[in-house]
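Student: Below is upload21.cif; it holds mmCIF, C-alpha atoms (C1' of nucleotides).
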data_start
#
loop_
_atom_site.label_atom_id
_atom_site.label_comp_id
_atom_site.auth_asym_id
_atom_site.auth_seq_id
_atom_site.Cartn_x
_atom_site.Cartn_y
_atom_site.Cartn_z
CA MET A 11 -2.32 -6.15 34.43
CA GLU A 12 -4.91 -6.08 31.69
CA ILE A 13 -2.70 -4.74 28.90
CA GLU A 14 0.11 -7.15 29.64
CA ALA A 15 -2.29 -10.05 29.43
CA ARG A 16 -3.63 -8.98 26.07
CA LEU A 17 -0.17 -8.71 24.59
CA GLU A 18 0.93 -12.05 25.95
CA GLN A 19 -2.22 -13.73 24.82
CA LYS A 20 -1.31 -12.86 21.24
CA GLY A 21 2.29 -13.92 21.66
CA VAL A 22 3.80 -10.45 22.01
CA LYS A 23 6.33 -9.92 24.72
CA PRO A 24 5.05 -7.02 26.83
CA THR A 25 8.00 -4.65 26.98
CA ALA A 26 7.64 -1.25 28.58
CA ILE A 27 7.41 0.54 25.27
CA ARG A 28 4.90 -1.88 23.81
CA LYS A 29 2.66 -1.40 26.77
CA LEU A 30 2.96 2.36 26.32
CA VAL A 31 2.03 2.19 22.65
CA PHE A 32 -0.86 -0.14 23.31
CA LYS A 33 -2.11 2.07 26.09
CA ALA A 34 -1.89 5.15 23.90
CA LEU A 35 -4.01 3.48 21.25
CA LEU A 36 -6.44 2.19 23.84
CA SER A 37 -7.00 5.51 25.54
CA ALA A 38 -7.21 7.55 22.35
CA THR A 39 -10.62 8.80 21.36
CA GLU A 40 -9.87 8.08 17.72
CA PRO A 41 -7.60 5.93 15.57
CA LEU A 42 -4.07 7.33 15.55
CA SER A 43 -1.45 7.81 12.89
CA LEU A 44 2.24 7.15 13.44
CA ALA A 45 2.80 10.88 13.75
CA GLN A 46 0.10 11.17 16.38
CA LEU A 47 1.57 8.27 18.31
CA GLU A 48 4.97 9.89 18.11
CA LEU A 49 3.48 13.05 19.53
CA ALA A 50 1.75 11.21 22.33
CA LEU A 51 4.91 9.29 23.24
CA GLU A 52 7.60 11.90 23.03
CA THR A 53 10.26 9.75 24.58
CA VAL A 54 9.92 6.95 22.07
CA ASP A 55 11.60 6.91 18.68
CA LYS A 56 9.37 6.79 15.64
CA SER A 57 11.05 3.75 14.16
CA THR A 58 10.39 1.88 17.37
CA ILE A 59 6.77 2.95 17.27
CA PHE A 60 6.59 1.83 13.67
CA ARG A 61 8.06 -1.56 14.44
CA THR A 62 5.79 -1.90 17.41
CA VAL A 63 2.55 -1.26 15.53
CA THR A 64 3.78 -3.48 12.71
CA LEU A 65 4.29 -6.22 15.25
CA PHE A 66 0.83 -5.53 16.66
CA LEU A 67 -0.60 -5.78 13.17
CA GLU A 68 1.02 -9.14 12.56
CA HIS A 69 -0.35 -10.45 15.82
CA HIS A 70 -3.81 -9.04 15.17
CA LEU A 71 -3.74 -6.75 18.16
CA VAL A 72 -4.51 -3.74 16.02
CA HIS A 73 -5.67 -3.06 12.49
CA ALA A 74 -4.79 -0.27 10.13
CA PHE A 75 -6.69 1.62 7.50
CA GLU A 76 -6.40 4.67 5.34
CA ASP A 77 -9.04 7.27 6.11
CA GLY A 78 -8.33 9.71 3.33
CA SER A 79 -6.00 11.83 5.42
CA GLY A 80 -3.01 10.50 3.56
CA SER A 81 -1.59 8.55 6.46
CA LEU A 82 -2.45 5.20 7.95
CA LYS A 83 -4.47 5.08 11.12
CA TYR A 84 -4.09 2.40 13.75
CA GLU A 85 -6.81 1.15 16.03
CA ILE A 86 -7.03 -1.55 18.67
CA CYS A 87 -9.04 -4.55 17.59
CA GLN A 88 -12.27 -4.39 19.57
CA ASN A 89 -12.61 -8.07 20.06
CA PRO A 90 -9.64 -9.20 22.13
CA TYR A 91 -9.94 -12.70 20.74
CA GLY A 92 -9.53 -11.86 17.09
CA CYS A 93 -10.77 -9.16 14.84
CA SER A 94 -12.71 -10.54 11.91
CA VAL A 95 -13.78 -8.74 8.78
CA GLU A 96 -17.36 -8.74 10.03
CA ASP A 97 -16.36 -6.84 13.13
CA MET A 98 -15.01 -3.94 11.15
CA HIS A 99 -16.86 -0.68 11.34
CA ILE A 100 -17.08 2.39 9.19
CA HIS A 101 -14.95 5.48 9.71
CA PHE A 102 -15.79 9.07 9.02
CA TYR A 103 -12.99 11.53 8.30
CA CYS A 104 -13.69 15.25 8.58
CA ARG A 105 -11.68 17.09 5.96
CA ASN A 106 -12.02 20.25 8.04
CA CYS A 107 -10.93 19.36 11.57
CA GLN A 108 -9.13 16.18 10.44
CA LYS A 109 -10.75 14.10 13.11
CA THR A 110 -11.50 10.47 12.39
CA TYR A 111 -14.75 9.22 13.87
CA CYS A 112 -15.57 5.59 14.40
CA LEU A 113 -19.14 4.73 13.52
CA PRO A 114 -19.38 1.57 15.55
CA SER A 115 -23.12 1.36 15.13
CA ALA A 116 -22.58 0.97 11.43
CA HIS A 117 -21.22 -2.44 10.68
CA ILE A 118 -19.88 -2.70 7.17
CA PRO A 119 -22.54 -4.15 4.91
CA ALA A 120 -21.27 -7.39 3.45
CA ILE A 121 -20.68 -7.75 -0.26
CA THR A 122 -20.62 -10.92 -2.27
CA LEU A 123 -17.36 -11.00 -4.15
CA PRO A 124 -16.95 -12.56 -7.58
CA GLU A 125 -16.26 -16.30 -7.56
CA GLY A 126 -12.77 -17.13 -6.35
CA PHE A 127 -11.96 -13.79 -4.76
CA VAL A 128 -10.91 -13.88 -1.13
CA ALA A 129 -11.23 -10.87 1.16
CA GLU A 130 -8.61 -10.36 3.82
CA SER A 131 -9.44 -6.88 4.97
CA VAL A 132 -12.03 -4.26 4.34
CA ASN A 133 -11.94 -0.49 4.45
CA TYR A 134 -15.09 1.60 4.34
CA THR A 135 -14.40 5.27 4.90
CA ILE A 136 -16.58 8.29 4.39
CA LYS A 137 -15.01 11.68 3.92
CA GLY A 138 -16.88 14.88 4.50
CA VAL A 139 -17.60 17.46 7.17
CA CYS A 140 -18.57 16.59 10.71
CA GLU A 141 -21.40 18.12 12.66
CA LYS A 142 -19.24 20.52 14.67
CA CYS A 143 -17.41 21.92 11.67
CA ARG A 144 -20.56 22.23 9.64
CA SER A 145 -22.34 24.29 12.23
CA LYS A 146 -19.29 26.55 12.38
CA GLU A 147 -19.18 26.96 8.62
CA GLU A 148 -22.81 27.97 8.47
CA ARG A 149 -22.41 31.03 10.62
CA MET B 22 -14.71 15.44 -30.09
CA GLU B 23 -16.21 13.66 -27.14
CA ILE B 24 -13.33 14.18 -24.71
CA GLU B 25 -12.98 17.85 -25.48
CA ALA B 26 -16.65 18.40 -24.81
CA ARG B 27 -16.49 16.68 -21.45
CA LEU B 28 -13.59 18.81 -20.31
CA GLU B 29 -15.20 22.03 -21.46
CA GLN B 30 -18.50 21.13 -19.92
CA LYS B 31 -16.79 21.09 -16.53
CA GLY B 32 -14.93 24.30 -17.19
CA VAL B 33 -11.53 22.80 -17.97
CA LYS B 34 -9.66 24.13 -20.94
CA PRO B 35 -8.89 21.11 -23.15
CA THR B 36 -5.19 21.35 -23.79
CA ALA B 37 -3.38 18.61 -25.66
CA ILE B 38 -1.93 17.13 -22.49
CA ARG B 39 -5.20 17.22 -20.59
CA LYS B 40 -6.89 15.33 -23.36
CA LEU B 41 -4.09 12.77 -23.28
CA VAL B 42 -4.43 12.27 -19.54
CA PHE B 43 -8.18 12.03 -19.71
CA LYS B 44 -7.97 9.54 -22.56
CA ALA B 45 -5.46 7.42 -20.67
CA LEU B 46 -7.79 7.21 -17.70
CA LEU B 47 -10.77 6.51 -19.92
CA SER B 48 -9.17 3.68 -21.82
CA ALA B 49 -7.51 2.04 -18.83
CA THR B 50 -9.01 -1.20 -17.61
CA GLU B 51 -8.49 -0.17 -14.01
CA PRO B 52 -8.01 2.96 -11.92
CA LEU B 53 -4.51 4.33 -12.36
CA SER B 54 -1.93 5.76 -10.01
CA LEU B 55 0.23 8.74 -10.86
CA ALA B 56 3.11 6.38 -11.56
CA GLN B 57 0.98 4.33 -13.93
CA LEU B 58 -0.13 7.46 -15.75
CA GLU B 59 3.47 8.56 -16.01
CA LEU B 60 4.32 5.24 -17.57
CA ALA B 61 1.45 5.44 -20.01
CA LEU B 62 2.35 8.98 -21.03
CA GLU B 63 6.10 8.89 -21.29
CA THR B 64 6.43 12.29 -22.87
CA VAL B 65 4.60 14.11 -20.10
CA ASP B 66 6.22 15.28 -16.92
CA LYS B 67 4.91 13.82 -13.68
CA SER B 68 4.30 17.18 -12.08
CA THR B 69 2.15 18.14 -15.03
CA ILE B 70 0.22 14.91 -14.70
CA PHE B 71 -0.21 15.60 -11.03
CA ARG B 72 -1.50 19.11 -11.62
CA THR B 73 -3.78 17.81 -14.34
CA VAL B 74 -5.47 15.15 -12.25
CA THR B 75 -5.72 17.60 -9.36
CA LEU B 76 -7.51 19.97 -11.69
CA PHE B 77 -9.74 17.12 -12.84
CA LEU B 78 -10.52 16.32 -9.23
CA GLU B 79 -11.53 19.88 -8.47
CA HIS B 80 -13.82 19.93 -11.46
CA HIS B 81 -15.31 16.54 -10.66
CA LEU B 82 -14.09 14.92 -13.82
CA VAL B 83 -12.34 12.17 -11.85
CA HIS B 84 -12.33 10.88 -8.33
CA ALA B 85 -9.51 9.45 -6.30
CA PHE B 86 -9.28 6.80 -3.65
CA GLU B 87 -6.72 4.78 -1.81
CA ASP B 88 -6.98 1.08 -2.48
CA GLY B 89 -4.44 -0.19 0.01
CA SER B 90 -1.59 -0.17 -2.48
CA GLY B 91 -0.03 2.86 -0.83
CA SER B 92 -0.71 5.21 -3.70
CA LEU B 93 -3.81 7.06 -4.79
CA LYS B 94 -5.78 5.73 -7.73
CA TYR B 95 -7.64 7.97 -10.15
CA GLU B 96 -10.74 7.01 -12.05
CA ILE B 97 -13.03 8.87 -14.44
CA CYS B 98 -16.40 9.67 -12.95
CA GLN B 99 -18.87 7.37 -14.63
CA ASN B 100 -21.67 9.84 -14.83
CA PRO B 101 -20.50 12.70 -17.07
CA TYR B 102 -22.95 15.04 -15.39
CA GLY B 103 -21.60 14.70 -11.89
CA CYS B 104 -20.44 11.85 -9.84
CA SER B 105 -22.56 11.46 -6.75
CA VAL B 106 -21.78 9.43 -3.70
CA GLU B 107 -24.46 6.96 -4.65
CA ASP B 108 -22.75 6.22 -7.95
CA MET B 109 -19.59 5.05 -6.25
CA HIS B 110 -18.73 1.41 -6.48
CA ILE B 111 -16.56 -0.94 -4.51
CA HIS B 112 -12.95 -1.72 -5.38
CA PHE B 113 -11.01 -4.88 -4.83
CA TYR B 114 -7.24 -4.74 -4.56
CA CYS B 115 -5.24 -7.93 -5.01
CA ARG B 116 -2.22 -7.84 -2.73
CA ASN B 117 -0.57 -10.42 -4.94
CA CYS B 118 -0.80 -9.11 -8.50
CA GLN B 119 -1.52 -5.54 -7.37
CA LYS B 120 -4.44 -5.18 -9.72
CA THR B 121 -7.35 -3.02 -8.69
CA TYR B 122 -10.72 -4.37 -9.75
CA CYS B 123 -13.85 -2.30 -9.98
CA LEU B 124 -16.89 -4.13 -8.75
CA PRO B 125 -19.48 -2.05 -10.56
CA SER B 126 -22.24 -4.48 -9.84
CA ALA B 127 -21.76 -3.78 -6.18
CA HIS B 128 -23.04 -0.35 -5.37
CA ILE B 129 -21.92 0.82 -1.99
CA PRO B 130 -24.63 0.15 0.55
CA ALA B 131 -25.75 3.42 2.03
CA ILE B 132 -25.15 4.27 5.65
CA THR B 133 -27.05 6.71 7.76
CA LEU B 134 -24.60 9.13 9.25
CA PRO B 135 -25.04 10.76 12.63
CA GLU B 136 -27.11 13.94 12.62
CA GLY B 137 -25.31 16.86 11.03
CA PHE B 138 -22.58 14.89 9.29
CA VAL B 139 -22.25 15.47 5.55
CA ALA B 140 -20.66 12.91 3.25
CA GLU B 141 -18.69 14.18 0.30
CA SER B 142 -16.99 11.03 -0.84
CA VAL B 143 -16.95 7.39 0.02
CA ASN B 144 -14.29 4.76 -0.23
CA TYR B 145 -15.14 1.09 0.14
CA THR B 146 -12.17 -1.09 -0.67
CA ILE B 147 -11.60 -4.76 -0.11
CA LYS B 148 -8.09 -6.13 0.00
CA GLY B 149 -7.32 -9.75 -0.59
CA VAL B 150 -6.38 -12.17 -3.33
CA CYS B 151 -8.09 -12.31 -6.70
CA GLU B 152 -9.30 -15.42 -8.44
CA LYS B 153 -6.32 -15.73 -10.81
CA CYS B 154 -3.73 -15.41 -8.09
CA ARG B 155 -5.54 -17.74 -5.78
CA SER B 156 -5.70 -20.54 -8.31
CA LYS B 157 -1.98 -20.09 -8.91
CA GLU B 158 -1.18 -20.19 -5.21
CA GLU B 159 -3.09 -23.43 -4.75
CA ARG B 160 -0.94 -25.41 -7.11
"C1'" DA C 26 4.72 42.64 -32.89
"C1'" DA C 27 4.59 43.35 -27.78
"C1'" DT C 28 2.16 41.76 -23.77
"C1'" DC C 29 -0.03 38.93 -20.62
"C1'" DG C 30 -1.55 34.79 -18.28
"C1'" DG C 31 -2.08 30.19 -18.09
"C1'" DG C 32 0.33 25.71 -19.05
"C1'" DT C 33 4.44 22.85 -18.79
"C1'" DG C 34 9.11 20.86 -17.52
"C1'" DC C 35 12.79 20.43 -14.39
"C1'" DA C 36 14.70 20.08 -10.05
"C1'" DA C 37 14.26 20.14 -5.51
"C1'" DA C 38 11.56 19.82 -1.23
"C1'" DC C 39 8.50 17.30 1.46
"C1'" DC C 40 6.35 13.76 4.13
"C1'" DG C 41 5.04 9.34 5.78
"C1'" DG C 42 6.95 5.19 6.03
"C1'" DT C 43 10.96 1.94 6.17
"C1'" DT C 44 15.64 0.01 6.85
"C1'" DG C 45 20.76 -0.66 8.34
"C1'" DC C 46 23.44 -0.60 11.90
"C1'" DA C 47 25.24 -0.06 16.35
"C1'" DG C 48 24.37 0.07 21.24
"C1'" DT C 49 21.58 -1.76 25.03
"C1'" DT C 50 18.83 -5.00 27.47
"C1'" DT C 51 16.98 -9.44 28.24
"C1'" DT C 52 17.12 -14.37 27.97
"C1'" DC C 53 19.00 -18.59 28.44
"C1'" DC C 54 22.21 -22.07 29.09
"C1'" DA C 55 26.72 -23.93 30.34
"C1'" DT D 6 26.85 -16.97 38.05
"C1'" DG D 7 29.08 -15.56 33.84
"C1'" DG D 8 28.81 -14.76 29.28
"C1'" DA D 9 27.15 -15.55 24.67
"C1'" DA D 10 23.03 -15.19 21.83
"C1'" DA D 11 18.80 -13.12 20.83
"C1'" DA D 12 15.62 -9.56 21.19
"C1'" DC D 13 14.72 -4.69 21.57
"C1'" DT D 14 15.62 0.21 20.80
"C1'" DG D 15 17.55 4.70 18.98
"C1'" DC D 16 19.73 7.19 15.44
"C1'" DA D 17 20.44 8.42 10.90
"C1'" DA D 18 19.82 7.68 6.47
"C1'" DC D 19 16.90 6.20 2.74
"C1'" DC D 20 12.81 5.52 -0.16
"C1'" DG D 21 8.71 6.31 -3.03
"C1'" DG D 22 4.79 9.04 -3.74
"C1'" DT D 23 3.46 13.58 -3.77
"C1'" DT D 24 3.92 18.56 -3.94
"C1'" DT D 25 6.06 23.07 -4.85
"C1'" DG D 26 9.22 26.93 -6.75
"C1'" DC D 27 10.76 28.75 -10.56
"C1'" DA D 28 11.82 29.58 -15.23
"C1'" DC D 29 10.40 28.90 -19.81
"C1'" DC D 30 6.99 28.41 -23.39
"C1'" DC D 31 2.97 29.10 -25.95
"C1'" DG D 32 -1.45 30.66 -27.24
"C1'" DA D 33 -4.72 34.50 -26.72
"C1'" DT D 34 -5.46 39.42 -26.71
"C1'" DT D 35 -4.45 44.21 -27.65
#
Once more with this new file: its structure as structure tokens, please.
Tutor:
Amino acid sequence: MEIEARLEQKGVKPTAIRKLVFKALLSATEPLSLAQLELALETVDKSTIFRTVTLFLEHHLVHAFEDGSGSLKYEICQNPYGCSVEDMHIHFYCRNCQKTYCLPSAHIPAITLPEGFVAESVNYTIKGVCEKCRSKEER
Amino acid sequence: MEIEARLEQKGVKPTAIRKLVFKALLSATEPLSLAQLELALETVDKSTIFRTVTLFLEHHLVHAFEDGSGSLKYEICQNPYGCSVEDMHIHFYCRNCQKTYCLPSAHIPAITLPEGFVAESVNYTIKGVCEKCRSKEER
DNA sequence: AATCGGGTGCAAACCGGTTGCAGTTTTCCA
DNA sequence: TGGAAAACTGCAACCGGTTTGCACCCGATT
């Protein structure tokens, strides 16, 4: 199975729960928080989910970022063979409906850091109001 | 006094504590968390500091962002007459020494949002290791 | 001086995230 | 094949940052 292979490829033993968590993140239409994962996987304990996504993080299966909602969001790395800084995209968080949009067309513009600084991860998030909510507000 | 004028200009009554908080943020060499403000202003209660910066936020005297440290950082808006999205700069957070650097030379490259989306704030943060910490690590 | 409303301190609640521990399952080797 | 060791999971408690309820205080206004 596809999911199993991706876990194994990164050195993560594909237990039943891990496959569930991975699948939930894969099939979600947006990056998910721990709470959202907990909701989606009612049978699984939150500490297990936490440890699972932490494991995924360490093995570069997913990445995490803060979108301005106050909680971390987790997202599957697009590139199965390693998710580099350049691959990261911008996120848009709607303060009204609380949905987090990926803007995959918008790659994060690179910045030249001061001499000696080393970037390990990048977070570019825009907060505002999405199209749907704005058209509602205007009425 | 300068500080008093800036508070009043934005419709914030300049109480003694508010001036203290504003001054602390102004004179800091980096954006500060609530905990850091609490430390800098030992006589002031943390809930008061919280309500003060929240008030500042509402009146666009400061802006807040999450730098990857786990806590929000507050920073005086550079432009006293309103802090627009274009004025925002990039932050660098060192996971080793936990210092947050402003990279004011690096204005955030603009992104064209999908039709109908409205940006209200922007957060572009890079996490990694700063020059000082890196040279230490290498020894 | 009495009154009123905003400002402040204290304590407690809250919430997302994290950990300790015990029970269960899997692995692996004698 | 049995049985110990290691890995995985659930439960409950904890933690730190943030937020709120409430009572008191203080300055402004009548």
Student: Tell me, as a list in words, which residues lie within 9 Å of stretch 33-40 of chain C, counting all atoms listed in the file; anything in the same chain fewer than 3 positions away does not count.
Tutor: Val65, Asp66, Ser68 and Thr69 of chain B; DT23, DT24, DT25, DG26, DC29 and DC30 of chain D
Student: I'd like to see the residues matched by the PyMOL selection byres ((chain D and resi 17) around 10) on this file, and ideally I'd get them as JSON, numbers by chain.
Tutor: {"C": [45, 46], "D": [15, 16, 18, 19]}
Student: To test your reading of the syntax: which residues would the PyMOL selection byres ((chain B and resi 51) around 10) return for the file shown? Reply as number ranges by chain.
Tutor: B: 46-50, 52-54, 94-96, 112, 120-123
Student: Sorted by chain and rising residue number, which residues of chain A lie within 12 Å of chain D, and what are their closest atom pairs and distances in Å to one decimal, counting only C-alpha atoms (C1' of nucleotides), as CSV?
Tutor:
residue,atom,partner,partner_atom,distance
A:Val22,CA,D:DA12,C1',11.9
A:Lys23,CA,D:DA12,C1',9.9
A:Pro24,CA,D:DC13,C1',11.3
A:Thr25,CA,D:DC13,C1',8.6
A:Ala26,CA,D:DC13,C1',10.5
A:Ile27,CA,D:DT14,C1',9.4
A:Arg28,CA,D:DC13,C1',10.5
A:Thr53,CA,D:DG15,C1',10.5
A:Val54,CA,D:DG15,C1',8.5
A:Asp55,CA,D:DG15,C1',6.4
A:Lys56,CA,D:DG15,C1',9.1
A:Ser57,CA,D:DG15,C1',8.1
A:Thr58,CA,D:DT14,C1',6.5
A:Ile59,CA,D:DT14,C1',9.9
A:Phe60,CA,D:DT14,C1',11.6
A:Arg61,CA,D:DT14,C1',10.0
A:Thr62,CA,D:DC13,C1',10.2
A:Gly80,CA,D:DT23,C1',10.3
Student: At a cut-off of 10 Å, list the chain C residues touching chain A, using only C-alpha atoms (C1' of nucleotides), as a PDB file with C-alpha atoms (C1' of nucleotides), in the frame of the given file.
Tutor:
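Resulting contents of iface.pdb:
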ATOM      1  C1'  DC C  40       6.350  13.760   4.130  1.00  0.00           C
ATOM      2  C1'  DG C  41       5.040   9.340   5.780  1.00  0.00           C
ATOM      3  C1'  DG C  42       6.950   5.190   6.030  1.00  0.00           C
ATOM      4  C1'  DT C  43      10.960   1.940   6.170  1.00  0.00           C
ATOM      5  C1'  DT C  44      15.640   0.010   6.850  1.00  0.00           C
TER       6       DT C  44
END
Student: Residual C-alpha RMSD for chain A onto chain B, least squares, all atoms in order?
Tutor: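 C-alpha RMSD, chain A fitted to chain B: 0.3 Å.
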Student: Do me a favour and pick out the residues of chain A within 12 Å of chain B, using only C-alpha atoms, as a PyMOL selection string.
Tutor: chain A and resi 74-82+95+98-106+111-146+148
Student: Would you write out those residues with C-alpha atoms, as a PDB file, in the frame of the given file?
Tutor:
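What ended up in part-v6.pdb:
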ATOM      1  CA  ALA A  74      -4.790  -0.270  10.130  1.00  0.00           C
ATOM      2  CA  PHE A  75      -6.690   1.620   7.500  1.00  0.00           C
ATOM      3  CA  GLU A  76      -6.400   4.670   5.340  1.00  0.00           C
ATOM      4  CA  ASP A  77      -9.040   7.270   6.110  1.00  0.00           C
ATOM      5  CA  GLY A  78      -8.330   9.710   3.330  1.00  0.00           C
ATOM      6  CA  SER A  79      -6.000  11.830   5.420  1.00  0.00           C
ATOM      7  CA  GLY A  80      -3.010  10.500   3.560  1.00  0.00           C
ATOM      8  CA  SER A  81      -1.590   8.550   6.460  1.00  0.00           C
ATOM      9  CA  LEU A  82      -2.450   5.200   7.950  1.00  0.00           C
ATOM     10  CA  VAL A  95     -13.780  -8.740   8.780  1.00  0.00           C
ATOM     11  CA  MET A  98     -15.010  -3.940  11.150  1.00  0.00           C
ATOM     12  CA  HIS A  99     -16.860  -0.680  11.340  1.00  0.00           C
ATOM     13  CA  ILE A 100     -17.080   2.390   9.190  1.00  0.00           C
ATOM     14  CA  HIS A 101     -14.950   5.480   9.710  1.00  0.00           C
ATOM     15  CA  PHE A 102     -15.790   9.070   9.020  1.00  0.00           C
ATOM     16  CA  TYR A 103     -12.990  11.530   8.300  1.00  0.00           C
ATOM     17  CA  CYS A 104     -13.690  15.250   8.580  1.00  0.00           C
ATOM     18  CA  ARG A 105     -11.680  17.090   5.960  1.00  0.00           C
ATOM     19  CA  ASN A 106     -12.020  20.250   8.040  1.00  0.00           C
ATOM     20  CA  TYR A 111     -14.750   9.220  13.870  1.00  0.00           C
ATOM     21  CA  CYS A 112     -15.570   5.590  14.400  1.00  0.00           C
ATOM     22  CA  LEU A 113     -19.140   4.730  13.520  1.00  0.00           C
ATOM     23  CA  PRO A 114     -19.380   1.570  15.550  1.00  0.00           C
ATOM     24  CA  SER A 115     -23.120   1.360  15.130  1.00  0.00           C
ATOM     25  CA  ALA A 116     -22.580   0.970  11.430  1.00  0.00           C
ATOM     26  CA  HIS A 117     -21.220  -2.440  10.680  1.00  0.00           C
ATOM     27  CA  ILE A 118     -19.880  -2.700   7.170  1.00  0.00           C
ATOM     28  CA  PRO A 119     -22.540  -4.150   4.910  1.00  0.00           C
ATOM     29  CA  ALA A 120     -21.270  -7.390   3.450  1.00  0.00           C
ATOM     30  CA  ILE A 121     -20.680  -7.750  -0.260  1.00  0.00           C
ATOM     31  CA  THR A 122     -20.620 -10.920  -2.270  1.00  0.00           C
ATOM     32  CA  LEU A 123     -17.360 -11.000  -4.150  1.00  0.00           C
ATOM     33  CA  PRO A 124     -16.950 -12.560  -7.580  1.00  0.00           C
ATOM     34  CA  GLU A 125     -16.260 -16.300  -7.560  1.00  0.00           C
ATOM     35  CA  GLY A 126     -12.770 -17.130  -6.350  1.00  0.00           C
ATOM     36  CA  PHE A 127     -11.960 -13.790  -4.760  1.00  0.00           C
ATOM     37  CA  VAL A 128     -10.910 -13.880  -1.130  1.00  0.00           C
ATOM     38  CA  ALA A 129     -11.230 -10.870   1.160  1.00  0.00           C
ATOM     39  CA  GLU A 130      -8.610 -10.360   3.820  1.00  0.00           C
ATOM     40  CA  SER A 131      -9.440  -6.880   4.970  1.00  0.00           C
ATOM     41  CA  VAL A 132     -12.030  -4.260   4.340  1.00  0.00           C
ATOM     42  CA  ASN A 133     -11.940  -0.490   4.450  1.00  0.00           C
ATOM     43  CA  TYR A 134     -15.090   1.600   4.340  1.00  0.00           C
ATOM     44  CA  THR A 135     -14.400   5.270   4.900  1.00  0.00           C
ATOM     45  CA  ILE A 136     -16.580   8.290   4.390  1.00  0.00           C
ATOM     46  CA  LYS A 137     -15.010  11.680   3.920  1.00  0.00           C
ATOM     47  CA  GLY A 138     -16.880  14.880   4.500  1.00  0.00           C
ATOM     48  CA  VAL A 139     -17.600  17.460   7.170  1.00  0.00           C
ATOM     49  CA  CYS A 140     -18.570  16.590  10.710  1.00  0.00           C
ATOM     50  CA  GLU A 141     -21.400  18.120  12.660  1.00  0.00           C
ATOM     51  CA  LYS A 142     -19.240  20.520  14.670  1.00  0.00           C
ATOM     52  CA  CYS A 143     -17.410  21.920  11.670  1.00  0.00           C
ATOM     53  CA  ARG A 144     -20.560  22.230   9.640  1.00  0.00           C
ATOM     54  CA  SER A 145     -22.340  24.290  12.230  1.00  0.00           C
ATOM     55  CA  LYS A 146     -19.290  26.550  12.380  1.00  0.00           C
ATOM     56  CA  GLU A 148     -22.810  27.970   8.470  1.00  0.00           C
TER      57      GLU A 148
END
Student: Would you mind reading off the distance between atom CA of B:Lys40 and atom CA of B:His80, one decimal, in Å?
Tutor: 14.5 Å
Student: Quick one, how far is atom CA of A:Cys87 from atom CA of A:His73?
Tutor: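 Distance between the two atoms: 6.3 Å.
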Student: One decimal, in Å: what's the spacing between atom CA of A:Gln19 and atom CA of A:Glu52?
Tutor: 27.5 Å
Student: Give me the residues near B:Leu82 as JSON, numbers by chain, where near means some atom within 8 Å (using all atoms listed in the file) and where sequence neighbours in that chain fewer than 2 positions away do not count.
Tutor: {"B": [28, 31, 77, 78, 79, 80, 84, 97, 98, 101, 103]}
Student: Specify the axis-aligned box that encloses all atoms of stretch 31-34 of chain D listed in the file after padding of 4 Å on each side, stating its centre and edge lengths in Å to one decimal as AutoDock Vina command-line options.
Tutor:
--center_x -1.2 --center_y 34.3 --center_z -26.6 --size_x 16.4 --size_y 18.3 --size_z 9.3
